[in-house]
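J.: Below is query_38.tsv; it holds TSV, C-alpha atoms and all ligand atoms.
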```tsv
chain	number	residue	atom	x	y	z
A	555	MET	CA	82.03	15.02	9.75
A	556	THR	CA	80.88	16.17	13.11
A	557	ALA	CA	81.48	19.83	13.85
A	558	ARG	CA	82.96	20.79	17.19
A	559	GLY	CA	82.99	23.86	19.42
A	560	GLY	CA	82.50	27.18	17.60
A	561	GLU	CA	81.99	25.36	14.30
A	562	ALA	CA	78.71	24.00	15.60
A	563	THR	CA	76.91	27.25	14.79
A	564	ARG	CA	77.81	26.85	11.11
A	565	ALA	CA	77.14	23.14	11.08
A	566	ILE	CA	73.93	21.55	9.91
A	567	GLN	CA	72.15	19.89	12.81
A	568	VAL	CA	71.02	16.46	11.71
A	569	TYR	CA	68.29	15.00	13.88
A	570	GLY	CA	68.41	11.26	13.38
A	571	SER	CA	69.88	8.05	14.64
A	572	ALA	CA	73.04	5.98	14.41
A	573	ILE	CA	70.99	2.98	13.27
A	574	SER	CA	68.75	4.73	10.75
A	575	TYR	CA	68.61	3.88	7.04
A	576	PHE	CA	68.04	7.40	5.77
A	577	THR	CA	70.20	9.13	8.40
A	578	GLY	CA	73.10	6.94	7.21
A	579	LYS	CA	72.46	7.90	3.58
A	580	PHE	CA	72.42	11.60	4.44
A	581	GLU	CA	75.49	11.43	6.67
A	582	ALA	CA	77.48	9.66	3.96
A	583	TYR	CA	76.56	12.45	1.55
A	584	LEU	CA	77.53	15.22	4.01
A	585	ARG	CA	80.80	13.48	4.87
A	586	TYR	CA	81.69	13.08	1.20
A	587	LYS	CA	80.86	16.71	0.41
A	588	GLU	CA	82.71	17.80	3.56
A	589	ILE	CA	79.72	19.77	4.79
A	590	ALA	CA	79.98	20.22	8.57
A	591	TYR	CA	77.21	18.60	10.56
A	592	GLN	CA	76.35	17.43	14.01
A	593	ARG	CA	74.14	14.39	14.57
A	594	ILE	CA	71.61	14.79	17.34
A	595	PRO	CA	69.63	11.74	18.52
A	596	MET	CA	65.91	11.98	17.83
A	597	THR	CA	64.83	11.64	21.47
A	598	PRO	CA	61.23	12.16	22.54
A	599	PHE	CA	62.39	15.55	23.86
A	600	VAL	CA	63.32	16.84	20.40
A	601	ARG	CA	60.61	15.00	18.44
A	602	GLY	CA	58.06	17.67	19.29
A	603	THR	CA	60.20	20.48	17.86
A	604	VAL	CA	61.12	18.48	14.76
A	605	GLY	CA	57.46	17.57	14.22
A	606	ARG	CA	56.35	21.18	14.48
A	607	ARG	CA	59.08	22.45	12.17
A	608	THR	CA	58.97	19.80	9.45
A	609	GLY	CA	55.45	18.43	9.79
A	610	THR	CA	56.84	14.94	10.50
A	611	THR	CA	59.18	13.19	12.89
A	612	GLN	CA	60.82	11.10	10.20
A	613	MET	CA	64.60	10.85	10.30
A	614	PRO	CA	66.74	12.59	9.33
A	615	ALA	CA	65.49	16.14	9.75
A	616	ALA	CA	68.04	18.90	9.29
A	617	LEU	CA	68.28	22.38	10.75
A	618	LEU	CA	70.34	24.72	8.59
A	619	PRO	CA	72.55	27.41	10.12
A	620	ASP	CA	70.10	30.04	8.76
A	621	GLY	CA	67.27	28.53	10.81
A	622	ARG	CA	65.42	26.68	8.04
A	623	TRP	CA	64.39	23.06	8.48
A	624	MET	CA	64.54	20.32	5.86
A	625	THR	CA	63.09	16.82	5.62
A	626	ASP	CA	63.35	13.96	3.07
A	627	THR	CA	66.83	13.02	1.90
A	628	THR	CA	66.11	13.01	-1.85
A	629	PRO	CA	65.12	16.70	-2.11
A	630	MET	CA	67.60	17.55	0.69
A	631	ILE	CA	70.51	16.20	-1.35
A	632	ALA	CA	69.17	17.82	-4.53
A	633	TRP	CA	68.99	21.21	-2.77
A	634	LEU	CA	72.42	20.85	-1.15
A	635	GLU	CA	73.84	20.07	-4.59
A	636	SER	CA	72.59	23.47	-5.77
A	637	GLN	CA	74.46	25.09	-2.85
A	638	HIS	CA	77.63	22.97	-3.06
A	639	PRO	CA	77.87	22.17	-6.76
A	640	GLU	CA	81.43	20.82	-6.89
A	641	PRO	CA	82.06	17.97	-7.23
A	642	ALA	CA	78.56	17.09	-8.39
A	643	VAL	CA	77.09	13.85	-7.11
A	644	ILE	CA	74.19	14.21	-9.54
A	645	PRO	CA	76.04	13.62	-12.79
A	646	ARG	CA	76.15	16.57	-15.20
A	647	ASP	CA	75.31	14.29	-18.11
A	648	PRO	CA	71.48	14.39	-18.33
A	649	LEU	CA	71.09	10.70	-19.20
A	650	GLN	CA	73.30	9.67	-16.28
A	651	ALA	CA	71.46	12.10	-14.01
A	652	PHE	CA	68.12	10.58	-14.96
A	653	ALA	CA	69.30	6.99	-14.50
A	654	SER	CA	70.94	7.92	-11.18
A	655	ARG	CA	67.71	9.44	-9.87
A	656	LEU	CA	65.86	6.28	-10.92
A	657	LEU	CA	68.35	4.08	-9.06
A	658	GLU	CA	68.33	6.34	-6.00
A	659	ASP	CA	64.55	6.12	-5.80
A	660	TYR	CA	64.54	2.36	-6.40
A	661	ALA	CA	67.15	1.77	-3.72
A	662	ASP	CA	65.51	4.14	-1.21
A	663	GLU	CA	62.06	2.64	-1.52
A	664	TRP	CA	62.33	-0.93	-2.82
A	665	LEU	CA	65.08	-2.12	-0.46
A	666	TRP	CA	63.20	-0.70	2.54
A	667	ARG	CA	60.94	-3.78	2.96
A	668	PRO	CA	63.78	-6.37	3.00
A	669	ALA	CA	65.87	-4.11	5.26
A	670	LEU	CA	63.07	-3.83	7.81
A	671	HIS	CA	62.31	-7.55	7.48
A	672	TYR	CA	65.87	-8.67	8.25
A	673	ARG	CA	66.06	-6.32	11.23
A	674	TRP	CA	62.73	-7.06	12.88
A	675	SER	CA	61.77	-10.62	11.81
A	676	HIS	CA	64.99	-12.18	13.07
A	677	ARG	CA	64.80	-12.39	16.84
A	678	GLY	CA	68.50	-11.89	17.56
A	679	ASP	CA	68.67	-8.82	15.33
A	680	ALA	CA	65.48	-7.40	16.82
A	681	LEU	CA	66.73	-7.85	20.40
A	682	LEU	CA	70.02	-6.14	19.61
A	683	LEU	CA	68.53	-3.28	17.61
A	684	SER	CA	65.74	-2.53	20.07
A	685	ARG	CA	68.44	-2.29	22.75
A	686	ARG	CA	70.45	0.15	20.62
A	687	ILE	CA	67.40	2.29	19.84
A	688	VAL	CA	66.47	2.57	23.49
A	689	ALA	CA	70.06	3.41	24.49
A	690	GLU	CA	70.38	6.10	21.85
A	691	MET	CA	66.96	7.66	21.70
A	692	MET	CA	65.04	6.82	24.84
A	693	PRO	CA	67.56	6.57	27.72
A	694	HIS	CA	65.69	8.98	30.00
A	695	VAL	CA	62.16	7.85	29.27
A	696	PRO	CA	60.88	6.71	32.69
A	697	ILE	CA	59.63	3.25	31.66
A	698	PRO	CA	61.45	-0.04	32.41
A	699	GLY	CA	64.01	-0.85	29.71
A	700	TRP	CA	62.54	-4.26	28.86
A	701	LEU	CA	59.15	-2.64	28.24
A	702	LYS	CA	60.61	0.06	25.97
A	703	ARG	CA	62.49	-2.58	23.98
A	704	ALA	CA	59.48	-4.86	23.66
A	705	GLY	CA	57.30	-1.91	22.64
A	706	ILE	CA	59.71	-0.97	19.86
A	707	ARG	CA	59.91	-4.53	18.53
A	708	GLN	CA	56.14	-4.86	18.47
A	709	ARG	CA	55.65	-1.50	16.77
A	710	GLN	CA	58.19	-2.24	14.04
A	711	LEU	CA	56.81	-5.73	13.41
A	712	ARG	CA	53.26	-4.44	13.24
A	713	ARG	CA	54.06	-1.44	11.03
A	714	TYR	CA	56.91	-2.50	8.79
A	715	VAL	CA	56.81	-6.33	8.69
A	716	ARG	CA	53.24	-7.66	9.01
A	717	GLY	CA	51.87	-4.25	8.02
A	718	ASP	CA	53.99	-4.16	4.87
A	719	GLY	CA	52.95	-7.50	3.42
A	720	ILE	CA	55.68	-9.72	4.87
A	721	GLY	CA	54.51	-13.20	5.87
A	722	PRO	CA	55.05	-16.88	5.04
A	723	GLY	CA	53.90	-16.38	1.42
A	724	THR	CA	56.20	-13.43	0.64
A	725	ARG	CA	59.19	-13.91	2.91
A	726	THR	CA	61.29	-15.78	0.34
A	727	HIS	CA	60.66	-13.13	-2.28
A	728	VAL	CA	61.47	-10.30	0.14
A	729	GLU	CA	64.76	-11.97	1.04
A	730	SER	CA	65.55	-12.62	-2.63
A	731	ILE	CA	65.46	-8.86	-3.26
A	732	TYR	CA	68.40	-8.45	-0.87
A	733	LEU	CA	70.28	-11.48	-2.17
A	734	ARG	CA	69.94	-10.37	-5.80
A	735	SER	CA	70.98	-6.83	-4.93
A	736	LEU	CA	74.15	-8.19	-3.34
A	737	GLU	CA	74.93	-10.17	-6.47
A	738	GLN	CA	74.26	-7.21	-8.76
A	739	LEU	CA	76.31	-4.76	-6.71
A	740	ASP	CA	79.16	-7.18	-6.02
A	741	ALA	CA	79.65	-7.67	-9.76
A	742	ILE	CA	79.99	-3.89	-10.17
A	743	PHE	CA	82.26	-3.24	-7.18
A	744	ALA	CA	84.54	-6.09	-8.19
A	745	CYS	CA	85.50	-3.92	-11.18
A	746	GLN	CA	85.21	-0.29	-10.05
A	747	PRO	CA	85.14	1.62	-6.76
A	748	PHE	CA	81.72	3.28	-7.16
A	749	LEU	CA	78.57	2.67	-9.16
A	750	LEU	CA	79.36	5.09	-11.95
A	751	GLY	CA	83.14	4.94	-11.92
A	752	GLU	CA	85.84	6.40	-9.75
A	753	ARG	CA	83.73	8.85	-7.73
A	754	PRO	CA	80.54	8.39	-5.71
A	755	THR	CA	77.33	9.63	-7.30
A	756	LEU	CA	73.69	9.76	-6.27
A	757	ALA	CA	73.06	6.07	-6.91
A	758	ASP	CA	75.82	5.15	-4.44
A	759	PHE	CA	74.13	7.20	-1.71
A	760	GLY	CA	70.76	5.65	-2.54
A	761	PHE	CA	72.04	2.09	-2.10
A	762	PHE	CA	74.08	3.10	0.92
A	763	ALA	CA	70.88	3.74	2.93
A	764	SER	CA	69.92	0.09	3.22
A	765	MET	CA	73.34	-1.44	2.65
A	766	PHE	CA	75.12	0.39	5.48
A	767	ARG	CA	73.00	0.85	8.57
A	768	HIS	CA	70.77	-2.19	7.95
A	769	PHE	CA	72.23	-4.91	5.72
A	770	GLY	CA	75.87	-4.20	6.47
A	771	LEU	CA	75.64	-3.69	10.22
A	772	ASP	CA	72.69	-5.83	11.38
A	773	PRO	CA	73.92	-9.32	12.39
A	774	THR	CA	71.91	-11.60	10.07
A	775	PRO	CA	72.14	-9.70	6.76
A	776	GLY	CA	75.67	-8.53	7.68
A	777	ALA	CA	76.92	-12.12	7.89
A	778	ILE	CA	75.32	-12.84	4.50
A	779	MET	CA	76.99	-9.79	2.96
A	780	GLN	CA	80.43	-10.67	4.31
A	781	GLU	CA	80.11	-14.20	3.00
A	782	ARG	CA	78.54	-13.55	-0.39
A	783	ALA	CA	79.47	-10.02	-1.37
A	784	PRO	CA	82.83	-8.91	0.03
A	785	HIS	CA	83.14	-6.19	-2.62
A	786	VAL	CA	79.90	-4.64	-1.36
A	787	PHE	CA	81.21	-4.86	2.19
A	788	ALA	CA	84.41	-3.09	1.11
A	789	TRP	CA	82.43	-0.40	-0.76
A	790	LEU	CA	80.58	0.47	2.48
A	791	GLY	CA	83.86	1.44	4.13
A	792	ARG	CA	85.11	3.12	0.96
A	793	LEU	CA	82.06	5.37	0.67
A	794	TRP	CA	81.89	6.15	4.39
A	795	GLU	CA	85.52	7.20	4.25
A	796	ALA	CA	85.34	9.06	0.90
A	797	ARG	CA	85.94	12.82	0.91
A	798	ALA	CA	85.43	14.93	-2.21
A	799	SER	CA	88.71	16.82	-1.76
A	800	ARG	CA	90.71	13.62	-2.11
A	801	THR	CA	88.50	11.51	-4.37
A	802	GLN	CA	89.61	12.46	-7.86
A	803	GLY	CA	88.67	10.35	-10.80
A	804	THR	CA	86.45	10.02	-13.79
A	805	LEU	CA	82.96	8.73	-14.35
A	806	ALA	CA	82.01	6.14	-16.94
A	807	SER	CA	80.53	7.45	-20.15
A	808	GLY	CA	76.88	6.55	-20.63
A	809	ILE	CA	75.17	3.94	-18.48
A	810	PRO	CA	77.40	1.01	-17.50
A	811	GLY	CA	76.26	-2.35	-18.86
A	812	ALA	CA	76.63	-3.71	-15.32
A	813	TRP	CA	73.63	-1.58	-14.28
A	814	SER	CA	71.38	-3.67	-16.54
A	815	PRO	CA	70.34	-6.34	-14.00
A	816	ILE	CA	69.34	-3.56	-11.56
A	817	LEU	CA	67.42	-1.67	-14.24
A	818	ARG	CA	65.57	-4.86	-15.20
A	819	GLU	CA	64.62	-5.26	-11.54
A	820	VAL	CA	63.28	-1.69	-11.56
A	821	GLY	CA	61.08	-2.56	-14.56
A	822	GLU	CA	59.98	-5.99	-13.32
A	823	ALA	CA	59.35	-5.22	-9.68
A	824	TYR	CA	59.60	-1.65	-8.45
A	825	LEU	CA	57.73	0.26	-11.16
A	826	PRO	CA	54.84	-2.27	-11.28
A	827	TYR	CA	54.60	-1.89	-7.49
A	828	LEU	CA	54.58	1.92	-7.82
A	829	CYS	CA	51.83	1.67	-10.45
A	830	ALA	CA	49.64	-0.62	-8.35
A	831	ASN	CA	50.14	1.75	-5.42
A	832	ALA	CA	49.24	4.79	-7.56
A	833	GLU	CA	46.13	3.06	-8.94
A	834	ALA	CA	45.02	2.21	-5.42
A	835	TRP	CA	45.65	5.81	-4.36
A	836	LYS	CA	43.44	7.02	-7.21
A	837	THR	CA	40.55	4.88	-5.99
A	838	ASN	CA	41.05	6.18	-2.47
A	839	ALA	CA	41.83	2.67	-1.18
A	840	ARG	CA	43.77	2.14	2.05
A	841	CYS	CA	45.54	-1.01	0.88
A	842	PHE	CA	46.00	-3.12	-2.24
A	843	ASP	CA	47.10	-6.54	-3.50
A	844	VAL	CA	49.73	-6.96	-6.21
A	845	THR	CA	51.74	-9.75	-7.79
A	846	ILE	CA	55.44	-9.00	-8.14
A	847	GLN	CA	57.74	-11.47	-9.90
A	848	GLY	CA	55.18	-14.22	-9.31
A	849	THR	CA	54.70	-13.52	-5.59
A	850	ARG	CA	51.32	-12.28	-4.42
A	851	TYR	CA	51.40	-9.52	-1.81
A	852	HIS	CA	48.22	-8.90	0.16
A	853	GLU	CA	47.03	-5.73	1.82
A	854	LEU	CA	50.01	-3.51	1.18
A	855	PRO	CA	49.47	-0.07	2.65
A	856	VAL	CA	48.87	2.66	0.09
A	857	SER	CA	51.73	5.15	0.17
A	858	ARG	CA	50.96	8.67	-0.96
A	859	TYR	CA	54.67	9.46	-0.75
A	860	ARG	CA	55.39	6.77	-3.33
A	861	VAL	CA	52.71	8.16	-5.63
A	862	TRP	CA	54.80	11.30	-5.48
A	863	CYS	CA	57.93	9.21	-6.24
A	864	LEU	CA	56.31	7.98	-9.46
A	865	GLU	CA	55.30	11.52	-10.35
A	866	GLN	CA	58.84	12.73	-9.73
A	867	LEU	CA	60.32	10.01	-11.96
A	868	GLN	CA	57.89	10.88	-14.76
A	869	GLY	CA	58.80	14.56	-14.27
A	870	HIS	CA	62.53	13.84	-14.50
A	871	PHE	CA	61.95	12.09	-17.81
A	872	GLU	CA	59.75	14.91	-19.10
A	873	ALA	CA	62.50	17.39	-18.29
A	874	LEU	CA	64.89	15.67	-20.71
A	875	SER	CA	65.29	16.92	-24.24
A	876	GLY	CA	67.14	16.07	-27.44
A	877	SER	CA	69.45	13.08	-27.56
A	878	ALA	CA	69.32	12.51	-23.77
A	879	ARG	CA	65.56	12.02	-24.03
A	880	THR	CA	65.93	9.57	-26.92
A	881	SER	CA	68.67	7.65	-25.10
A	882	ALA	CA	66.68	7.55	-21.84
A	883	MET	CA	63.65	6.20	-23.69
A	884	GLU	CA	65.82	3.54	-25.30
A	885	LEU	CA	67.37	2.63	-21.92
A	886	LEU	CA	63.95	2.33	-20.30
A	887	LYS	CA	62.53	0.28	-23.18
A	888	THR	CA	65.50	-2.09	-23.24
A	889	HIS	CA	65.08	-2.83	-19.52
A	890	GLY	CA	61.31	-3.15	-19.42
A	891	CYS	CA	60.88	0.15	-17.57
A	892	TRP	CA	59.11	2.23	-20.20
A	893	GLU	CA	55.60	0.80	-20.04
A	894	PRO	CA	55.41	0.69	-16.21
A	895	LEU	CA	56.79	4.23	-15.94
A	896	TRP	CA	53.78	5.54	-17.86
A	897	HIS	CA	51.17	2.91	-17.01
A	898	VAL	CA	49.50	5.32	-14.59
A	899	ALA	CA	49.08	8.65	-16.30
A	900	ALA	CA	49.01	11.67	-13.98
A	901	PRO	CA	49.44	9.85	-10.64
A	902	SER	CA	48.33	13.07	-8.87
A	903	SER	CA	49.67	12.66	-5.36
A	904	GLY	CA	48.80	16.28	-4.66
A	905	TYR	CA	51.95	16.41	-2.52
A	906	ASP	CA	54.22	19.42	-2.82
A	907	PRO	CA	52.54	21.09	-5.81
A	908	GLU	CA	54.74	24.17	-5.28
A	909	GLY	CA	57.96	22.12	-5.59
A	910	ALA	CA	59.07	23.45	-2.19
A	911	ALA	CA	60.63	20.19	-0.92
A	912	PRO	CA	62.79	19.81	1.15
A	913	PHE	CA	61.38	22.94	2.82
A	914	THR	CA	57.80	21.76	2.86
A	915	ARG	CA	55.88	19.65	5.35
A	916	GLY	CA	57.24	16.12	5.07
A	917	LEU	CA	55.21	13.09	4.09
A	918	PRO	CA	56.16	9.86	5.91
A	919	VAL	CA	56.08	6.82	3.69
A	920	PHE	CA	52.82	5.27	4.91
A	921	SER	CA	51.03	8.41	5.95
A	922	ARG	CA	48.14	9.77	3.94
B	1	LIG	N1	61.81	9.71	2.34
B	1	LIG	C1	62.40	9.97	3.63
B	1	LIG	C2	62.21	8.75	4.51
B	1	LIG	C3	62.69	8.94	5.94
B	1	LIG	C4	62.32	7.76	6.83
B	1	LIG	O1	61.40	6.99	6.55
B	1	LIG	N2	63.07	7.59	7.91
B	1	LIG	C5	62.77	6.55	8.87
B	1	LIG	C6	64.02	6.14	9.60
B	1	LIG	S1	65.30	5.57	8.56
B	1	LIG	C7	61.83	7.08	9.90
B	1	LIG	O2	62.04	8.17	10.41
B	1	LIG	N3	60.78	6.36	10.22
B	1	LIG	C8	59.83	6.88	11.16
B	1	LIG	C9	59.20	5.86	12.00
B	1	LIG	O3	59.46	4.68	11.87
B	1	LIG	O4	58.43	6.32	12.84
B	1	LIG	C10	63.86	10.33	3.46
B	1	LIG	O5	64.45	10.04	2.40
B	1	LIG	O6	64.41	10.98	4.35
```
What does the file become when written as structure tokens?

T.:
Amino acid sequence: MTARGGEATRAIQVYGSAISYFTGKFEAYLRYKEIAYQRIPMTPFVRGTVGRRTGTTQMPAALLPDGRWMTDTTPMIAWLESQHPEPAVIPRDPLQAFASRLLEDYADEWLWRPALHYRWSHRGDALLLSRRIVAEMMPHVPIPGWLKRAGIRQRQLRRYVRGDGIGPGTRTHVESIYLRSLEQLDAIFACQPFLLGERPTLADFGFFASMFRHFGLDPTPGAIMQERAPHVFAWLGRLWEARASRTQGTLASGIPGAWSPILREVGEAYLPYLCANAEAWKTNARCFDVTIQGTRYHELPVSRYRVWCLEQLQGHFEALSGSARTSAMELLKTHGCWEPLWHVAAPSSGYDPEGAAPFTRGLPVFSR
């Protein structure tokens, strides 16, 4: 919800964009929790301040009413949950909480490549989106519009398409990640309103990042979604409209069987990628090659942030005890996630050793 007038002083200021993956995820969370916020476009005029305060200009960045700045939606949501505990989006059940964090991380990071591919490799989408970015974030920059738009398209193609391993040899696989996700999610939303039952939880917000502002709203993937996965399309509206005060309902017990195809994907594709990335990080490499589900990716950029992701996932498992730990191990083993979760012992990203996130200097995905 956007705060108005006098409320603005108590509202969180969210620096981001109306077309951004992670801004959409964060906004959906704030809207659901009914936490007042105001979205402010990340123009070049505010980038400097955001960069100085958070150490990065990634979106969203959030300024709290008490003057503190936050960056990175995963720790931002985790911290906000500690301040606004009811109703919890991180399930209280420790096994469900662990599996939800795994799905949030998978959705955040693994659907990023296909989301950027659909937006920037398809000419019509790229023309439209570069126009929207310029209108929202760069209207007063004194450069001709066509040049700003072309510059954005080239930057995104260089950094997130060609620079992230997308080319003739991988394109089909990258697209298959989206198409399979639609199938997996559609089967779930055909039977229940949210991923874990009758209320949204962390995994919903994780998938919402790519599914809303990219796949749902960009022309090419949006048409595919409407045609193939109408239940996913309906869930986008349902989650965007959901408010905690009027979303009563129960959660499933345990981990729904319908999550299995997604968990297998985590074990087959995402965790092996995280391991190859962490191994490359350990050897101080800048890029690495890896085969995922039979497709060879060349020269993927090493991501220190994703070394941290692997560390975090290992840490979440280590924090489990008793029957939740046994059940989580069983869940991971059944879905081929156990071995790749531990394949790289002590990934050692060196990022955020104090555990200060989201109040620490941010680490953009491909920065070292
Ligand atoms: N892990 C971060 C990722 C944030 C992120 O990568 N945001 C994108 C926009 S959706 C961004 O700001 N990219 C910066 C760029 O392309 O320069 C989060 O969850 O907030």

J.: Is it possible to get the residues within 12 Å of (79.4, -2.1, -18.9) (coordinates as in the file, counting all atoms listed in the file) written as a PDB file with C-alpha atoms, in the coordinates of the input?

T.:
```pdb
ATOM      1  CA  ALA A 741      79.650  -7.670  -9.760  1.00  0.00           C
ATOM      2  CA  ILE A 742      79.990  -3.890 -10.170  1.00  0.00           C
ATOM      3  CA  CYS A 745      85.500  -3.920 -11.180  1.00  0.00           C
ATOM      4  CA  GLN A 746      85.210  -0.290 -10.050  1.00  0.00           C
ATOM      5  CA  LEU A 749      78.570   2.670  -9.160  1.00  0.00           C
ATOM      6  CA  LEU A 750      79.360   5.090 -11.950  1.00  0.00           C
ATOM      7  CA  GLY A 751      83.140   4.940 -11.920  1.00  0.00           C
ATOM      8  CA  ALA A 806      82.010   6.140 -16.940  1.00  0.00           C
ATOM      9  CA  SER A 807      80.530   7.450 -20.150  1.00  0.00           C
ATOM     10  CA  GLY A 808      76.880   6.550 -20.630  1.00  0.00           C
ATOM     11  CA  ILE A 809      75.170   3.940 -18.480  1.00  0.00           C
ATOM     12  CA  PRO A 810      77.400   1.010 -17.500  1.00  0.00           C
ATOM     13  CA  GLY A 811      76.260  -2.350 -18.860  1.00  0.00           C
ATOM     14  CA  ALA A 812      76.630  -3.710 -15.320  1.00  0.00           C
ATOM     15  CA  TRP A 813      73.630  -1.580 -14.280  1.00  0.00           C
ATOM     16  CA  SER A 814      71.380  -3.670 -16.540  1.00  0.00           C
ATOM     17  CA  PRO A 815      70.340  -6.340 -14.000  1.00  0.00           C
TER      18      PRO A 815
END
```

J.: Determine, using all atoms listed in the file, which residues of range 804-889 of chain A have any atom at most 7 Å from an atom of range 912-920 of chain A, and tabulate each with its shortest atom pair and distance in Å to one decimal place, rows ordered by chain and then rising number, as CSV.

T.:
```
residue,atom,partner,partner_atom,distance
A:Pro855,CA,A:Phe920,CA,6.7
A:Val856,CA,A:Phe920,CA,6.8
A:Ser857,CA,A:Phe920,CA,4.9
A:Tyr859,CA,A:Val919,CA,5.4
```

J.: Calculated over only C-alpha atoms, which of the candidates A:Gly876, A:Pro629, A:Ala899, A:Glu581 has the smallest distance to Asp659 in chain A?

T.: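 Among the listed residues, the smallest separation from Asp659 in chain A belongs to A:Pro629.
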
J.: Figure out the distance between CA of Phe787 in chain A and CA of Met630 in chain A, please, to one decimal in Å.

T.: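 If I compute the distance from CA of Met630 in chain A to CA of Phe787 in chain A, I get 26.3 Å.
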
J.: Figure out the distance between CA of Tyr672 in chain A and CA of Ile778 in chain A, please, to one decimal in Å.

T.: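 Pair CA of Ile778 in chain A / CA of Tyr672 in chain A returns 11.0 Å.
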
J.: So that I can see what lies close to Glu640 in chain A, please list as a tab-separated table (two decimals) with C-alpha atoms, in the frame of the given file the residues with an atom at most 12 Å from it, counting all atoms listed in the file and leaving out residues fewer than 4 positions away in the same chain.

T.:
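Saved as part.tsv:
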```
chain	number	residue	atom	x	y	z
A	586	TYR	CA	81.69	13.08	1.20
A	587	LYS	CA	80.86	16.71	0.41
A	588	GLU	CA	82.71	17.80	3.56
A	589	ILE	CA	79.72	19.77	4.79
A	634	LEU	CA	72.42	20.85	-1.15
A	635	GLU	CA	73.84	20.07	-4.59
A	636	SER	CA	72.59	23.47	-5.77
A	644	ILE	CA	74.19	14.21	-9.54
A	645	PRO	CA	76.04	13.62	-12.79
A	646	ARG	CA	76.15	16.57	-15.20
A	755	THR	CA	77.33	9.63	-7.30
A	798	ALA	CA	85.43	14.93	-2.21
A	799	SER	CA	88.71	16.82	-1.76
A	801	THR	CA	88.50	11.51	-4.37
A	802	GLN	CA	89.61	12.46	-7.86
```

J.: A:Ala796, A:Leu681, A:Cys863, A:Leu854: which is nearest ligand LIG 1 (chain B), counting all atoms listed in the file?

T.: A:Cys863

J.: Axis-aligned box over every listed atom of ligand LIG 1 (chain B), padded by 3 Å per side: centre and edges in Å to one decimal, as AutoDock Vina command-line options?

T.:
```
--center_x 61.9 --center_y 7.8 --center_z 7.6 --size_x 12.9 --size_y 12.3 --size_z 16.5
```
